[in-house]
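Below is start12.pdb, holding PDB, C-alpha atoms.
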ATOM      1  CA  MET A 283       0.000   0.000   0.000
ATOM      2  CA  ARG A 284       1.295   3.412  -0.894
ATOM      3  CA  GLN A 285       1.730   6.153   1.733
ATOM      4  CA  GLY A 286      -0.862   8.324  -0.011
ATOM      5  CA  ASP A 287      -3.462   5.525   0.238
ATOM      6  CA  SER A 288      -3.023   5.333   4.019
ATOM      7  CA  PHE A 289      -3.492   9.070   4.362
ATOM      8  CA  LEU A 290      -6.604   8.990   2.149
ATOM      9  CA  LYS A 291      -8.161   6.162   4.196
ATOM     10  CA  PHE A 292      -7.394   8.018   7.445
ATOM     11  CA  PHE A 293      -8.895  11.236   6.049
ATOM     12  CA  ILE A 294     -12.075   9.414   4.943
ATOM     13  CA  PHE A 295     -12.341   7.758   8.380
ATOM     14  CA  ILE A 296     -12.060  11.125  10.175
ATOM     15  CA  LEU A 297     -14.593  12.718   7.813
ATOM     16  CA  TYR A 298     -17.030   9.838   8.367
ATOM     17  CA  PHE A 299     -16.524   9.836  12.161
ATOM     18  CA  SER A 300     -17.105  13.578  12.468
ATOM     19  CA  SER A 301     -20.279  13.444  10.353
ATOM     20  CA  VAL A 302     -21.749  10.495  12.283
ATOM     21  CA  PHE A 303     -20.760  11.866  15.710
ATOM     22  CA  PRO A 304     -20.763  15.669  15.284
ATOM     23  CA  PHE A 305     -21.242  16.300  19.007
ATOM     24  CA  LEU A 306     -17.795  14.786  19.653
ATOM     25  CA  SER A 307     -15.963  16.848  17.064
ATOM     26  CA  GLN A 308     -17.192  20.353  17.780
ATOM     27  CA  GLN A 309     -18.386  22.533  20.613
ATOM     28  CA  THR A 310     -22.182  22.570  20.730
ATOM     29  CA  THR A 311     -24.304  24.849  22.884
ATOM     30  CA  ILE A 312     -26.429  22.498  24.966
ATOM     31  CA  TYR A 313     -28.094  25.168  27.146
ATOM     32  CA  SER A 314     -27.985  28.943  27.171
ATOM     33  CA  GLU A 315     -29.630  31.593  29.347
ATOM     34  CA  ASN A 316     -29.025  35.280  28.706
ATOM     35  CA  PHE A 317     -32.216  36.594  30.362
ATOM     36  CA  SER A 318     -33.365  38.473  27.259
ATOM     37  CA  ASN A 319     -37.092  39.244  27.039
ATOM     38  CA  GLN A 320     -37.544  38.305  30.716
ATOM     39  CA  GLU A 321     -37.681  41.763  32.320
ATOM     40  CA  ASN A 322     -38.909  41.652  35.962
ATOM     41  CA  LYS A 323     -39.093  37.840  36.091
ATOM     42  CA  GLY A 324     -38.184  36.808  39.625
ATOM     43  CA  VAL A 325     -39.270  38.387  42.891
ATOM     44  CA  ASN A 326     -39.687  41.933  44.171
ATOM     45  CA  GLY A 327     -40.061  42.947  47.809
ATOM     46  CA  VAL A 328     -43.072  44.919  48.997
ATOM     47  CA  ASN A 329     -43.349  47.493  51.771
ATOM     48  CA  ASN A 330     -45.333  45.890  54.619
ATOM     49  CA  GLY A 331     -46.411  42.849  52.640
ATOM     50  CA  SER A 332     -45.437  39.612  50.994
ATOM     51  CA  PRO A 333     -42.954  39.671  48.107
ATOM     52  CA  ILE A 334     -44.397  39.574  44.582
ATOM     53  CA  PHE A 335     -43.271  36.651  42.411
ATOM     54  CA  ASP A 336     -43.387  36.455  38.617
ATOM     55  CA  VAL A 337     -41.823  33.244  37.343
ATOM     56  CA  THR A 338     -44.266  32.494  34.527
ATOM     57  CA  GLY A 339     -42.963  31.598  31.091
ATOM     58  CA  ILE A 340     -39.399  30.795  32.173
ATOM     59  CA  ASN A 341     -37.582  27.463  32.497
ATOM     60  CA  TRP A 342     -35.424  28.341  35.522
ATOM     61  CA  SER A 343     -36.413  28.755  39.161
ATOM     62  CA  ILE A 344     -35.423  30.770  42.231
ATOM     63  CA  ASP A 345     -35.222  30.049  45.941
ATOM     64  CA  VAL A 346     -35.558  33.120  48.154
ATOM     65  CA  SER A 347     -36.700  31.323  51.310
ATOM     66  CA  ALA A 348     -33.701  32.613  53.317
ATOM     67  CA  ALA A 349     -34.014  36.239  52.115
ATOM     68  CA  SER A 350     -35.802  39.135  53.762
ATOM     69  CA  LEU A 351     -37.368  41.137  50.926
ATOM     70  CA  THR A 352     -39.185  43.713  53.055
ATOM     71  CA  ALA A 353     -39.122  46.788  50.823
ATOM     72  CA  SER A 354     -40.029  47.556  47.214
ATOM     73  CA  THR A 355     -36.331  48.335  46.689
ATOM     74  CA  ASP A 356     -35.335  44.725  47.514
ATOM     75  CA  TRP A 357     -35.309  42.249  44.620
ATOM     76  CA  PHE A 358     -33.956  39.180  42.905
ATOM     77  CA  LYS A 359     -35.160  39.541  39.342
ATOM     78  CA  VAL A 360     -34.226  40.260  35.754
ATOM     79  CA  LYS A 361     -33.376  43.928  35.271
ATOM     80  CA  ASN A 362     -31.944  45.321  32.055
ATOM     81  CA  GLY A 363     -31.366  41.830  30.652
ATOM     82  CA  VAL A 364     -29.436  40.355  33.604
ATOM     83  CA  MET A 365     -30.473  38.515  36.772
ATOM     84  CA  GLU A 366     -29.901  41.048  39.550
ATOM     85  CA  ALA A 367     -29.885  40.830  43.352
ATOM     86  CA  ARG A 368     -30.330  43.920  45.530
ATOM     87  CA  ASP A 369     -30.565  44.223  49.331
ATOM     88  CA  LEU A 370     -31.497  40.585  49.982
ATOM     89  CA  ASP A 371     -30.638  40.274  53.681
ATOM     90  CA  GLY A 372     -30.249  36.529  53.140
ATOM     91  CA  LEU A 373     -29.047  33.922  50.662
ATOM     92  CA  VAL A 374     -30.997  33.421  47.395
ATOM     93  CA  TYR A 375     -30.477  31.003  44.510
ATOM     94  CA  TRP A 376     -31.025  31.064  40.762
ATOM     95  CA  ILE A 377     -31.463  27.447  39.617
ATOM     96  CA  SER A 378     -31.307  26.155  36.047
ATOM     97  CA  PRO A 379     -33.559  23.384  34.800
ATOM     98  CA  ASP A 380     -32.113  19.872  34.595
ATOM     99  CA  ILE A 381     -29.942  19.832  31.467
ATOM    100  CA  ASP A 382     -29.475  16.611  29.504
ATOM    101  CA  ILE A 383     -25.770  16.069  28.724
ATOM    102  CA  ALA A 384     -25.866  12.308  28.118
ATOM    103  CA  LEU A 385     -24.731  12.590  24.479
ATOM    104  CA  TYR A 386     -21.768  14.856  25.221
ATOM    105  CA  VAL A 387     -18.290  14.455  26.691
ATOM    106  CA  ASP A 388     -16.210  16.919  28.724
ATOM    107  CA  VAL A 389     -19.036  19.436  29.112
ATOM    108  CA  LEU A 390     -18.204  23.050  30.028
ATOM    109  CA  ILE A 391     -20.325  25.432  32.140
ATOM    110  CA  GLN A 392     -19.611  29.172  31.944
ATOM    111  CA  LEU A 393     -21.360  32.218  33.366
ATOM    112  CA  ASP A 394     -20.708  35.916  33.832
ATOM    113  CA  ALA A 395     -20.738  37.189  37.421
ATOM    114  CA  SER A 396     -20.582  40.862  38.335
ATOM    115  CA  GLU A 397     -21.243  43.254  41.188
ATOM    116  CA  GLN A 398     -21.579  46.957  41.832
ATOM    117  CA  GLY A 399     -21.414  48.838  45.090
ATOM    118  CA  ASN A 400     -19.389  48.586  48.256
ATOM    119  CA  LEU A 401     -19.631  44.925  49.205
ATOM    120  CA  GLU A 402     -18.302  43.498  52.467
ATOM    121  CA  ALA A 403     -16.910  40.072  53.375
ATOM    122  CA  SER A 404     -20.441  38.909  54.334
ATOM    123  CA  ASP A 405     -21.663  39.582  50.778
ATOM    124  CA  VAL A 406     -21.230  36.277  48.944
ATOM    125  CA  TYR A 407     -21.661  34.977  45.369
ATOM    126  CA  THR A 408     -21.383  31.229  44.699
ATOM    127  CA  CYS A 409     -21.505  29.109  41.521
ATOM    128  CA  GLU A 410     -22.333  25.407  41.848
ATOM    129  CA  PHE A 411     -23.425  22.420  39.789
ATOM    130  CA  SER A 412     -25.108  19.103  40.506
ATOM    131  CA  LEU A 413     -24.159  16.167  38.290
ATOM    132  CA  ASP A 414     -26.782  13.422  37.886
ATOM    133  CA  GLY A 415     -28.769  14.718  40.877
ATOM    134  CA  GLY A 416     -25.787  14.497  43.220
ATOM    135  CA  ALA A 417     -24.521  16.960  45.804
ATOM    136  CA  TRP A 418     -23.959  20.601  44.897
ATOM    137  CA  THR A 419     -20.307  21.174  43.995
ATOM    138  CA  GLN A 420     -18.602  24.544  43.655
ATOM    139  CA  PHE A 421     -17.162  25.489  40.234
ATOM    140  CA  GLU A 422     -13.387  24.943  40.023
ATOM    141  CA  THR A 423     -12.740  28.361  38.450
ATOM    142  CA  ASN A 424     -14.207  31.347  40.303
ATOM    143  CA  GLY A 425     -16.747  29.244  42.185
ATOM    144  CA  SER A 426     -17.060  31.643  45.123
ATOM    145  CA  PHE A 427     -16.591  35.360  45.735
ATOM    146  CA  SER A 428     -17.017  37.644  48.691
ATOM    147  CA  ASP A 429     -16.503  41.358  49.130
ATOM    148  CA  ASP A 430     -15.816  43.437  45.981
ATOM    149  CA  PHE A 431     -14.973  41.389  42.872
ATOM    150  CA  THR A 432     -16.231  43.653  40.015
ATOM    151  CA  SER A 433     -16.815  41.164  37.162
ATOM    152  CA  THR A 434     -15.474  37.780  36.121
ATOM    153  CA  THR A 435     -16.297  34.532  34.355
ATOM    154  CA  ALA A 436     -16.933  31.431  36.442
ATOM    155  CA  GLN A 437     -16.526  28.025  34.850
ATOM    156  CA  GLN A 438     -16.473  24.291  35.370
ATOM    157  CA  THR A 439     -14.903  21.962  32.813
ATOM    158  CA  LEU A 440     -14.735  18.251  32.006
ATOM    159  CA  LEU A 441     -18.210  17.248  33.196
ATOM    160  CA  ASN A 442     -19.517  13.855  32.099
ATOM    161  CA  GLY A 443     -22.832  12.291  33.052
ATOM    162  CA  ALA A 444     -26.516  12.172  32.175
ATOM    163  CA  THR A 445     -27.762  15.518  33.569
ATOM    164  CA  ILE A 446     -26.461  18.659  35.218
ATOM    165  CA  GLN A 447     -28.127  21.503  37.039
ATOM    166  CA  ILE A 448     -26.603  24.895  37.840
ATOM    167  CA  ARG A 449     -27.196  26.913  41.007
ATOM    168  CA  VAL A 450     -25.941  30.457  41.610
ATOM    169  CA  GLY A 451     -26.208  31.842  45.144
ATOM    170  CA  MET A 452     -26.137  35.522  46.075
ATOM    171  CA  HIS A 453     -26.239  37.335  49.410
ATOM    172  CA  ASN A 454     -26.005  41.079  49.955
ATOM    173  CA  ASN A 455     -27.499  43.399  52.538
ATOM    174  CA  ALA A 456     -27.676  47.023  51.398
ATOM    175  CA  GLY A 457     -29.588  49.089  48.868
ATOM    176  CA  ASN A 458     -26.387  50.186  47.128
ATOM    177  CA  GLU A 459     -25.136  46.599  46.588
ATOM    178  CA  TYR A 460     -25.939  44.782  43.348
ATOM    179  CA  MET A 461     -24.935  41.298  42.214
ATOM    180  CA  ARG A 462     -25.606  40.128  38.662
ATOM    181  CA  LEU A 463     -25.707  36.924  36.624
ATOM    182  CA  ASP A 464     -25.694  36.686  32.823
ATOM    183  CA  ASN A 465     -24.694  34.529  29.854
ATOM    184  CA  VAL A 466     -25.054  31.084  31.417
ATOM    185  CA  THR A 467     -23.914  28.494  28.875
ATOM    186  CA  VAL A 468     -23.415  24.756  28.853
ATOM    187  CA  SER A 469     -21.414  23.417  25.919
TER
END

Output the file's structure as structure tokens, nothing else.
Amino acid sequence: MRQGDSFLKFFIFILYFSSVFPFLSQQTTIYSENFSNQENKGVNGVNNGSPIFDVTGINWSIDVSAASLTASTDWFKVKNGVMEARDLDGLVYWISPDIDIALYVDVLIQLDASEQGNLEASDVYTCEFSLDGGAWTQFETNGSFSDDFTSTTAQQTLLNGATIQIRVGMHNNAGNEYMRLDNVTVS
């Protein structure tokens, strides 16, 4: 067999393999959340009353059971196209739906985290995932912040399993403190 024949057979094999299994040969967006067209989805505090929830028409959820949203200026909702937390006085979570990753290998999670204001050490931002319904595990890269951190990208790489779920926790305690989440992607 000539050297050119071996190369041609290898090239045909690679071409065939990548067309039959395209998810193994390229990065595919499995899940994406950029909060567009979701203005005010989440929860808003109310003066002297119960917080007002609007979570209709979205595929993610929130847990604000540990927060104290006692004023109309307290919220955990989409504002200006990002998920924003203001004056929570307790820990809240944004939670993705279960995401099917069974057909993919070495899955990557990325998200944009940012803050504005004068945060203290008690103001915390966490990024976690649950693989196949298991325990929540902090992202390896930028999985937790406290105090002022401006903006960064958090990520977790090399995930393999059947499903993943993402949970982002935020805690701040003043009206001039904002924490934000945007551009959540699984690929």

Discussion item. Neighbouring residues of range 308-324 of chain A were defined as those with any atom within 8 Å, considering all atoms listed in the file; residues of the same chain fewer than 2 positions away were excluded. Please report them as a ChimeraX atom specification.
Written reply: /A:304-306,326,335-338,340,344,357-365,381,383,464-469

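Residues captured in this structure file are A:Asn326, A:Gly327, A:Val328, A:Asn329, A:Leu351, A:Thr352, A:Ala353, A:Thr355, A:Asp356, A:Trp357, according to the PyMOL selection byres ((chain A and resi 354) around 8).
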
Discussion item. I want to know what sits within 7 Å of Pro379 in chain A, based on all atoms listed in the file, with residues of the same chain fewer than 2 positions away left out; could you give that as a PyMOL selection string?
Written reply: chain A and resi 341-342+377+381+447

Discussion item. As an exercise, work out the distance from CA of Gln420 in chain A to CA of Gly451 in chain A in Å and give it to one decimal place.
Written reply: 10.6 Å

Fill in: Residue nearest Asn400 in chain A among A:Tyr460, A:Trp376, A:Phe421, A:Tyr386 (counting all atoms listed in the file)
A:Tyr460

Discussion item. Which residues are close to Ser350 in chain A, i.e. within 7 Å by all atoms listed in the file, leaving aside same-chain residues fewer than 5 positions away? Reply as a ChimeraX atom specification.
Written reply: /A:370-372

Worksheet item: Which residue gives the smallest distance to Arg368 in chain A among A:Ala417, A:Val325, A:Ala384, A:Thr408, with all atoms listed in the file counted?
Response: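 Checking each candidate against Arg368 in chain A, we get A:Val325 as the closest.
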
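Comparing the minimum interatomic distances between Gln392 in chain A and each of A:Pro333, A:Asp405, A:Asp429, A:Leu463, counting all atoms listed in the file, we find that A:Leu463 sits nearest.
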
Discussion item. Report, in Å with one decimal, the straight-line distance from CA of Leu440 in chain A to CA of Thr419 in chain A.
Written reply: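 One can read the CA of Leu440 in chain A to CA of Thr419 in chain A distance as 13.5 Å.
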
Worksheet item: Mind pulling up the distance from CA of Leu393 in chain A to CA of Thr434 in chain A?
Response: 8.6 Å

Item to complete: Rank nothing, just name the residue among A:Ser412, A:Ser428, A:Thr423, A:Thr439 nearest to Ser378 in chain A, using all atoms listed in the file.
Response: A:Ser412
